[in-house]
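Containing compact mmCIF, N, CA and C atoms: upload31.txt.
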```txt
# COMPACT_ATOMS: atom_id res chain seq x y z
N MET N 1287 0.84 -1.18 0.00
CA MET N 1287 0.00 0.00 0.00
C MET N 1287 0.88 1.25 0.00
N LYS N 1288 0.51 2.21 -0.80
CA LYS N 1288 1.26 3.46 -0.86
C LYS N 1288 1.09 4.25 0.43
N LYS N 1289 2.09 5.04 0.73
CA LYS N 1289 2.02 5.89 1.93
C LYS N 1289 0.92 6.94 1.75
N GLY N 1290 0.11 7.13 2.79
CA GLY N 1290 -0.91 8.17 2.74
C GLY N 1290 -2.21 7.74 2.12
N ASN N 1291 -2.40 6.43 1.91
CA ASN N 1291 -3.63 5.99 1.26
C ASN N 1291 -4.49 5.10 2.14
N SER N 1292 -4.24 5.06 3.43
CA SER N 1292 -5.12 4.27 4.29
C SER N 1292 -6.47 5.00 4.40
N LYS N 1293 -7.46 4.26 4.86
CA LYS N 1293 -8.81 4.81 4.95
C LYS N 1293 -8.85 6.05 5.84
N THR N 1294 -8.19 5.99 7.00
CA THR N 1294 -8.22 7.13 7.92
C THR N 1294 -7.42 8.31 7.38
N GLU N 1295 -6.33 8.03 6.67
CA GLU N 1295 -5.55 9.13 6.10
C GLU N 1295 -6.30 9.83 4.98
N LEU N 1296 -7.03 9.08 4.18
CA LEU N 1296 -7.84 9.69 3.12
C LEU N 1296 -8.96 10.54 3.72
N ARG N 1297 -9.60 10.06 4.80
CA ARG N 1297 -10.63 10.84 5.47
C ARG N 1297 -10.04 12.11 6.07
N ALA N 1298 -8.85 11.99 6.67
CA ALA N 1298 -8.20 13.17 7.25
C ALA N 1298 -7.88 14.20 6.17
N ARG N 1299 -7.49 13.74 5.01
CA ARG N 1299 -7.19 14.65 3.90
C ARG N 1299 -8.46 15.36 3.43
N ARG N 1300 -9.57 14.62 3.33
CA ARG N 1300 -10.85 15.23 2.94
C ARG N 1300 -11.29 16.24 4.00
N HIS N 1301 -11.13 15.89 5.29
CA HIS N 1301 -11.54 16.79 6.36
C HIS N 1301 -10.72 18.07 6.34
N LYS N 1302 -9.42 17.95 6.08
CA LYS N 1302 -8.55 19.13 6.01
C LYS N 1302 -9.01 20.07 4.89
N LYS N 1303 -9.41 19.50 3.76
CA LYS N 1303 -9.88 20.31 2.64
C LYS N 1303 -11.20 21.00 3.00
N ILE N 1304 -12.10 20.27 3.67
CA ILE N 1304 -13.37 20.85 4.09
C ILE N 1304 -13.13 21.99 5.07
N ARG N 1305 -12.22 21.77 6.04
CA ARG N 1305 -11.96 22.77 7.08
C ARG N 1305 -11.28 24.01 6.53
N SER N 1306 -10.61 23.91 5.38
CA SER N 1306 -10.02 25.10 4.78
C SER N 1306 -11.09 26.02 4.22
N GLN N 1307 -12.29 25.49 3.98
CA GLN N 1307 -13.37 26.28 3.41
C GLN N 1307 -14.48 26.59 4.42
N VAL N 1308 -14.60 25.79 5.49
CA VAL N 1308 -15.70 25.93 6.45
C VAL N 1308 -15.13 26.37 7.79
N SER N 1309 -15.66 27.48 8.30
CA SER N 1309 -15.25 27.96 9.61
C SER N 1309 -16.47 28.53 10.32
N GLY N 1310 -16.53 28.33 11.63
CA GLY N 1310 -17.67 28.79 12.40
C GLY N 1310 -17.41 30.13 13.05
N THR N 1311 -18.42 30.99 13.06
CA THR N 1311 -18.34 32.28 13.73
C THR N 1311 -19.37 32.29 14.85
N ILE N 1312 -19.42 33.35 15.62
CA ILE N 1312 -20.40 33.44 16.69
C ILE N 1312 -21.82 33.54 16.12
N GLU N 1313 -21.97 34.20 14.96
CA GLU N 1313 -23.29 34.31 14.34
C GLU N 1313 -23.71 33.00 13.68
N ARG N 1314 -22.75 32.28 13.12
CA ARG N 1314 -23.04 31.04 12.40
C ARG N 1314 -21.96 30.02 12.73
N PRO N 1315 -22.08 29.34 13.88
CA PRO N 1315 -21.06 28.37 14.29
C PRO N 1315 -21.06 27.11 13.43
N ARG N 1316 -20.05 26.28 13.63
CA ARG N 1316 -19.85 25.08 12.82
C ARG N 1316 -20.43 23.87 13.56
N LEU N 1317 -21.25 23.10 12.87
CA LEU N 1317 -21.77 21.84 13.40
C LEU N 1317 -20.83 20.73 12.92
N ALA N 1318 -19.93 20.31 13.81
CA ALA N 1318 -18.92 19.30 13.47
C ALA N 1318 -19.42 17.92 13.89
N VAL N 1319 -19.25 16.95 13.00
CA VAL N 1319 -19.70 15.58 13.25
C VAL N 1319 -18.50 14.65 13.18
N TYR N 1320 -18.42 13.73 14.16
CA TYR N 1320 -17.40 12.68 14.13
C TYR N 1320 -18.09 11.34 14.31
N LYS N 1321 -17.70 10.38 13.50
CA LYS N 1321 -18.31 9.06 13.54
C LYS N 1321 -17.22 8.03 13.82
N SER N 1322 -17.34 7.33 14.95
CA SER N 1322 -16.44 6.21 15.22
C SER N 1322 -17.17 4.94 14.82
N ASN N 1323 -16.53 3.80 15.01
CA ASN N 1323 -17.20 2.54 14.67
C ASN N 1323 -18.42 2.31 15.53
N GLN N 1324 -18.38 2.77 16.78
CA GLN N 1324 -19.45 2.51 17.71
C GLN N 1324 -20.38 3.70 17.91
N TYR N 1325 -19.84 4.89 18.00
CA TYR N 1325 -20.62 6.04 18.42
C TYR N 1325 -20.58 7.18 17.41
N LEU N 1326 -21.46 8.16 17.64
CA LEU N 1326 -21.56 9.35 16.79
C LEU N 1326 -21.55 10.57 17.70
N TYR N 1327 -20.75 11.55 17.36
CA TYR N 1327 -20.60 12.76 18.18
C TYR N 1327 -20.88 13.98 17.32
N ALA N 1328 -21.53 14.99 17.92
CA ALA N 1328 -21.80 16.25 17.22
C ALA N 1328 -21.51 17.40 18.17
N GLN N 1329 -20.88 18.45 17.64
CA GLN N 1329 -20.57 19.64 18.42
C GLN N 1329 -20.90 20.87 17.60
N VAL N 1330 -21.40 21.91 18.27
CA VAL N 1330 -21.58 23.22 17.65
C VAL N 1330 -20.44 24.08 18.19
N ILE N 1331 -19.55 24.53 17.29
CA ILE N 1331 -18.29 25.16 17.69
C ILE N 1331 -18.18 26.57 17.11
N ASP N 1332 -17.77 27.52 17.95
CA ASP N 1332 -17.39 28.86 17.51
C ASP N 1332 -15.88 28.84 17.32
N ASP N 1333 -15.42 28.84 16.08
CA ASP N 1333 -13.98 28.72 15.79
C ASP N 1333 -13.22 30.00 16.10
N VAL N 1334 -13.88 31.14 16.14
CA VAL N 1334 -13.20 32.40 16.43
C VAL N 1334 -12.67 32.39 17.86
N SER N 1335 -13.53 32.02 18.81
CA SER N 1335 -13.10 31.97 20.21
C SER N 1335 -12.63 30.58 20.62
N GLY N 1336 -12.84 29.57 19.77
CA GLY N 1336 -12.40 28.22 20.08
C GLY N 1336 -13.22 27.55 21.16
N LYS N 1337 -14.51 27.87 21.24
CA LYS N 1337 -15.37 27.32 22.29
C LYS N 1337 -16.45 26.43 21.69
N THR N 1338 -16.77 25.37 22.42
CA THR N 1338 -17.88 24.50 22.06
C THR N 1338 -19.15 25.07 22.69
N ILE N 1339 -20.15 25.34 21.86
CA ILE N 1339 -21.40 25.94 22.32
C ILE N 1339 -22.37 24.86 22.80
N ALA N 1340 -22.49 23.78 22.03
CA ALA N 1340 -23.40 22.68 22.38
C ALA N 1340 -22.80 21.39 21.87
N GLN N 1341 -23.18 20.27 22.51
CA GLN N 1341 -22.69 18.98 22.06
C GLN N 1341 -23.73 17.91 22.33
N ALA N 1342 -23.62 16.79 21.59
CA ALA N 1342 -24.49 15.64 21.80
C ALA N 1342 -23.78 14.40 21.26
N SER N 1343 -24.05 13.27 21.85
CA SER N 1343 -23.51 12.01 21.35
C SER N 1343 -24.48 10.89 21.69
N ASP N 1344 -24.22 9.71 21.12
CA ASP N 1344 -25.12 8.57 21.35
C ASP N 1344 -24.51 7.55 22.31
N ILE N 1345 -23.57 7.98 23.14
CA ILE N 1345 -22.93 7.06 24.07
C ILE N 1345 -23.94 6.49 25.08
N THR N 1346 -24.83 7.33 25.57
CA THR N 1346 -25.79 6.88 26.59
C THR N 1346 -27.02 6.22 25.98
N MET N 1347 -27.21 6.33 24.68
CA MET N 1347 -28.38 5.75 24.02
C MET N 1347 -28.08 4.29 23.67
N LYS N 1348 -28.82 3.37 24.25
CA LYS N 1348 -28.58 1.95 24.00
C LYS N 1348 -29.84 1.28 23.45
N GLY N 1349 -29.65 0.12 22.81
CA GLY N 1349 -30.77 -0.71 22.41
C GLY N 1349 -31.42 -0.37 21.08
N LYS N 1350 -30.88 0.59 20.35
CA LYS N 1350 -31.45 0.94 19.06
C LYS N 1350 -30.37 0.75 17.99
N THR N 1351 -30.80 0.83 16.73
CA THR N 1351 -29.81 0.73 15.66
C THR N 1351 -29.00 2.01 15.59
N LYS N 1352 -27.88 1.95 14.91
CA LYS N 1352 -27.00 3.12 14.82
C LYS N 1352 -27.67 4.28 14.09
N THR N 1353 -28.48 3.98 13.07
CA THR N 1353 -29.14 5.06 12.34
C THR N 1353 -30.24 5.70 13.18
N GLU N 1354 -30.93 4.92 14.01
CA GLU N 1354 -31.93 5.51 14.90
C GLU N 1354 -31.26 6.38 15.95
N ARG N 1355 -30.10 5.94 16.44
CA ARG N 1355 -29.37 6.74 17.42
C ARG N 1355 -28.85 8.02 16.77
N ALA N 1356 -28.45 7.95 15.49
CA ALA N 1356 -27.98 9.14 14.78
C ALA N 1356 -29.09 10.17 14.67
N LYS N 1357 -30.31 9.71 14.42
CA LYS N 1357 -31.45 10.61 14.34
C LYS N 1357 -31.68 11.29 15.69
N GLN N 1358 -31.56 10.53 16.78
CA GLN N 1358 -31.72 11.10 18.12
C GLN N 1358 -30.64 12.13 18.43
N VAL N 1359 -29.41 11.87 17.98
CA VAL N 1359 -28.32 12.82 18.20
C VAL N 1359 -28.61 14.11 17.46
N GLY N 1360 -29.14 14.02 16.24
CA GLY N 1360 -29.50 15.21 15.48
C GLY N 1360 -30.56 16.05 16.17
N VAL N 1361 -31.57 15.40 16.71
CA VAL N 1361 -32.62 16.11 17.44
C VAL N 1361 -32.04 16.75 18.70
N GLU N 1362 -31.19 16.01 19.41
CA GLU N 1362 -30.62 16.51 20.66
C GLU N 1362 -29.67 17.69 20.42
N ILE N 1363 -28.84 17.63 19.36
CA ILE N 1363 -27.92 18.74 19.09
C ILE N 1363 -28.71 19.98 18.70
N ALA N 1364 -29.80 19.81 17.96
CA ALA N 1364 -30.64 20.95 17.59
C ALA N 1364 -31.27 21.56 18.83
N LYS N 1365 -31.77 20.73 19.73
CA LYS N 1365 -32.39 21.22 20.96
C LYS N 1365 -31.37 21.97 21.82
N ASN N 1366 -30.16 21.40 21.97
CA ASN N 1366 -29.12 22.04 22.77
C ASN N 1366 -28.66 23.36 22.16
N ALA N 1367 -28.54 23.40 20.83
CA ALA N 1367 -28.10 24.63 20.15
C ALA N 1367 -29.16 25.71 20.26
N LEU N 1368 -30.43 25.34 20.07
CA LEU N 1368 -31.51 26.32 20.16
C LEU N 1368 -31.65 26.86 21.58
N ALA N 1369 -31.32 26.05 22.58
CA ALA N 1369 -31.34 26.51 23.97
C ALA N 1369 -30.27 27.58 24.21
N LYS N 1370 -29.17 27.52 23.43
CA LYS N 1370 -28.11 28.52 23.53
C LYS N 1370 -28.30 29.65 22.52
N LYS N 1371 -29.50 29.73 21.92
CA LYS N 1371 -29.88 30.77 20.96
C LYS N 1371 -29.06 30.72 19.66
N VAL N 1372 -28.78 29.51 19.19
CA VAL N 1372 -28.09 29.31 17.92
C VAL N 1372 -29.06 28.59 16.99
N SER N 1373 -29.41 29.24 15.87
CA SER N 1373 -30.34 28.60 14.95
C SER N 1373 -29.72 28.36 13.57
N LYS N 1374 -28.67 29.11 13.23
CA LYS N 1374 -28.01 28.93 11.94
C LYS N 1374 -26.60 28.41 12.16
N VAL N 1375 -26.24 27.35 11.43
CA VAL N 1375 -24.91 26.75 11.55
C VAL N 1375 -24.38 26.42 10.15
N VAL N 1376 -23.09 26.13 10.08
CA VAL N 1376 -22.50 25.56 8.87
C VAL N 1376 -22.18 24.11 9.19
N PHE N 1377 -22.44 23.21 8.25
CA PHE N 1377 -22.30 21.78 8.50
C PHE N 1377 -20.91 21.31 8.10
N ASP N 1378 -20.22 20.65 9.03
CA ASP N 1378 -18.90 20.07 8.79
C ASP N 1378 -19.02 18.57 8.96
N ARG N 1379 -19.04 17.84 7.85
CA ARG N 1379 -19.24 16.40 7.91
C ARG N 1379 -17.97 15.65 8.29
N GLY N 1380 -16.88 16.35 8.51
CA GLY N 1380 -15.66 15.74 9.02
C GLY N 1380 -14.96 14.80 8.08
N GLY N 1381 -15.15 14.97 6.78
CA GLY N 1381 -14.50 14.09 5.82
C GLY N 1381 -15.27 12.82 5.54
N PHE N 1382 -16.36 12.60 6.26
CA PHE N 1382 -17.18 11.42 6.03
C PHE N 1382 -18.15 11.69 4.89
N SER N 1383 -18.53 10.64 4.15
CA SER N 1383 -19.47 10.83 3.06
C SER N 1383 -20.86 11.12 3.61
N TYR N 1384 -21.63 11.91 2.87
CA TYR N 1384 -22.95 12.36 3.31
C TYR N 1384 -23.99 11.26 3.01
N THR N 1385 -23.86 10.14 3.70
CA THR N 1385 -24.82 9.05 3.58
C THR N 1385 -24.98 8.42 4.96
N GLY N 1386 -25.96 7.57 5.10
CA GLY N 1386 -26.13 6.80 6.32
C GLY N 1386 -26.33 7.64 7.56
N ARG N 1387 -25.48 7.39 8.57
CA ARG N 1387 -25.64 8.04 9.87
C ARG N 1387 -25.42 9.55 9.80
N ILE N 1388 -24.49 10.00 8.96
CA ILE N 1388 -24.22 11.44 8.83
C ILE N 1388 -25.45 12.14 8.26
N LYS N 1389 -26.04 11.55 7.24
CA LYS N 1389 -27.22 12.13 6.60
C LYS N 1389 -28.41 12.14 7.56
N MET N 1390 -28.60 11.05 8.32
CA MET N 1390 -29.70 10.99 9.29
C MET N 1390 -29.55 12.08 10.35
N LEU N 1391 -28.32 12.28 10.85
CA LEU N 1391 -28.07 13.30 11.85
C LEU N 1391 -28.39 14.68 11.29
N ALA N 1392 -27.94 14.96 10.06
CA ALA N 1392 -28.17 16.27 9.44
C ALA N 1392 -29.66 16.54 9.23
N GLU N 1393 -30.38 15.55 8.73
CA GLU N 1393 -31.80 15.73 8.48
C GLU N 1393 -32.58 15.93 9.78
N ALA N 1394 -32.20 15.18 10.82
CA ALA N 1394 -32.87 15.31 12.11
C ALA N 1394 -32.57 16.68 12.74
N ALA N 1395 -31.35 17.18 12.56
CA ALA N 1395 -31.01 18.50 13.09
C ALA N 1395 -31.81 19.59 12.37
N ARG N 1396 -32.00 19.42 11.06
CA ARG N 1396 -32.84 20.37 10.31
C ARG N 1396 -34.27 20.33 10.80
N GLU N 1397 -34.79 19.12 11.01
CA GLU N 1397 -36.16 18.99 11.52
C GLU N 1397 -36.29 19.57 12.92
N GLY N 1398 -35.20 19.51 13.70
CA GLY N 1398 -35.20 20.04 15.04
C GLY N 1398 -35.14 21.55 15.10
N GLY N 1399 -34.86 22.21 13.97
CA GLY N 1399 -34.89 23.67 13.94
C GLY N 1399 -33.60 24.34 13.52
N LEU N 1400 -32.51 23.59 13.30
CA LEU N 1400 -31.28 24.22 12.83
C LEU N 1400 -31.36 24.49 11.34
N GLN N 1401 -30.76 25.59 10.91
CA GLN N 1401 -30.75 25.95 9.49
C GLN N 1401 -29.34 25.85 8.96
N PHE N 1402 -29.17 25.01 7.91
CA PHE N 1402 -27.89 24.92 7.19
C PHE N 1402 -28.13 24.30 5.84
```
Exercise: express the given structure as structure tokens:
Amino acid sequence: MKKGNSKTELRARRHKKIRSQVSGTIERPRLAVYKSNQYLYAQVIDDVSGKTIAQASDITMKGKTKTERAKQVGVEIAKNALAKKVSKVVFDRGGFSYTGRIKMLAEAAREGGLQF
């Protein structure tokens, strides 16, 4: 295998390219998503001050499929962000393809009231 072509290195390269174009401000923070093999994490981040405004994950959610848990994370991150008076965000998929759990989280966050 060539150097720099593992699955995680390719994702890191895609994420770096996305992050060069996407940045969160106080008016429109960044909704960053990370997907591990087991869990899904979402954060609303103000990149100017380097602070996390809201966060949600599916670590405590048990007994459902991963896609159902992703939908719950999307609803929860929207609820937490709206509680902090954040309604508009920019979506950072973290180098992951916009399918499956990432897509479910994004759609649920939109249904929950976030605009992106």
Quick one: residues within 5 Å of stretch 1358-1375 of chain N, only N, CA and C atoms counted, chain neighbours fewer than 2 positions away excluded, as an NGL selection string?
:N and (1314-1315 or 1354-1356 or 1377 or 1391 or 1394-1395 or 1400-1402)
Atom pair atom CA of N:Asp1333 / atom CA of N:Gly1310: separation (Å)
5.0 Å
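Excluding N:Gln1341 and any residue on its chain fewer than 6 positions from it, the residues at most 7 Å away by only C-alpha atoms are Ala1328, Gln1329, Val1330 and Ile1363 of chain N.
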Separation of atom CA of N:Glu1295 and atom N of N:Thr1385, in Å?
18.5 Å
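Taking atom CA of N:Gly1399 as the reference point, atom N of N:Tyr1325 is found at 24.4 Å.
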Using only N, CA and C atoms, which of N:Asn1291, N:His1301, N:Asp1378, N:Ala1342 sits nearest N:Leu1326?
N:Ala1342
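Secondary structure from DSSP on the backbone puts helix (DSSP H, G or I) at the following positions of stretch 1309-1366 of chain N: N:Lys1352, N:Thr1353, N:Glu1354, N:Arg1355, N:Ala1356, N:Lys1357, N:Gln1358, N:Val1359, N:Gly1360, N:Val1361, N:Glu1362, N:Ile1363, N:Ala1364, N:Lys1365, N:Asn1366.
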From a DSSP calculation on the backbone, collect every residue of chain N in strand (DSSP E) and output the set as a PyMOL selection string.
chain N and resi 1316-1321+1326-1332+1337-1343+1376-1378
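Considering only C-alpha atoms, the residue among N:Ser1309, N:Ala1298, N:Arg1316, N:Lys1357 positioned nearest to N:Glu1397 is N:Lys1357.
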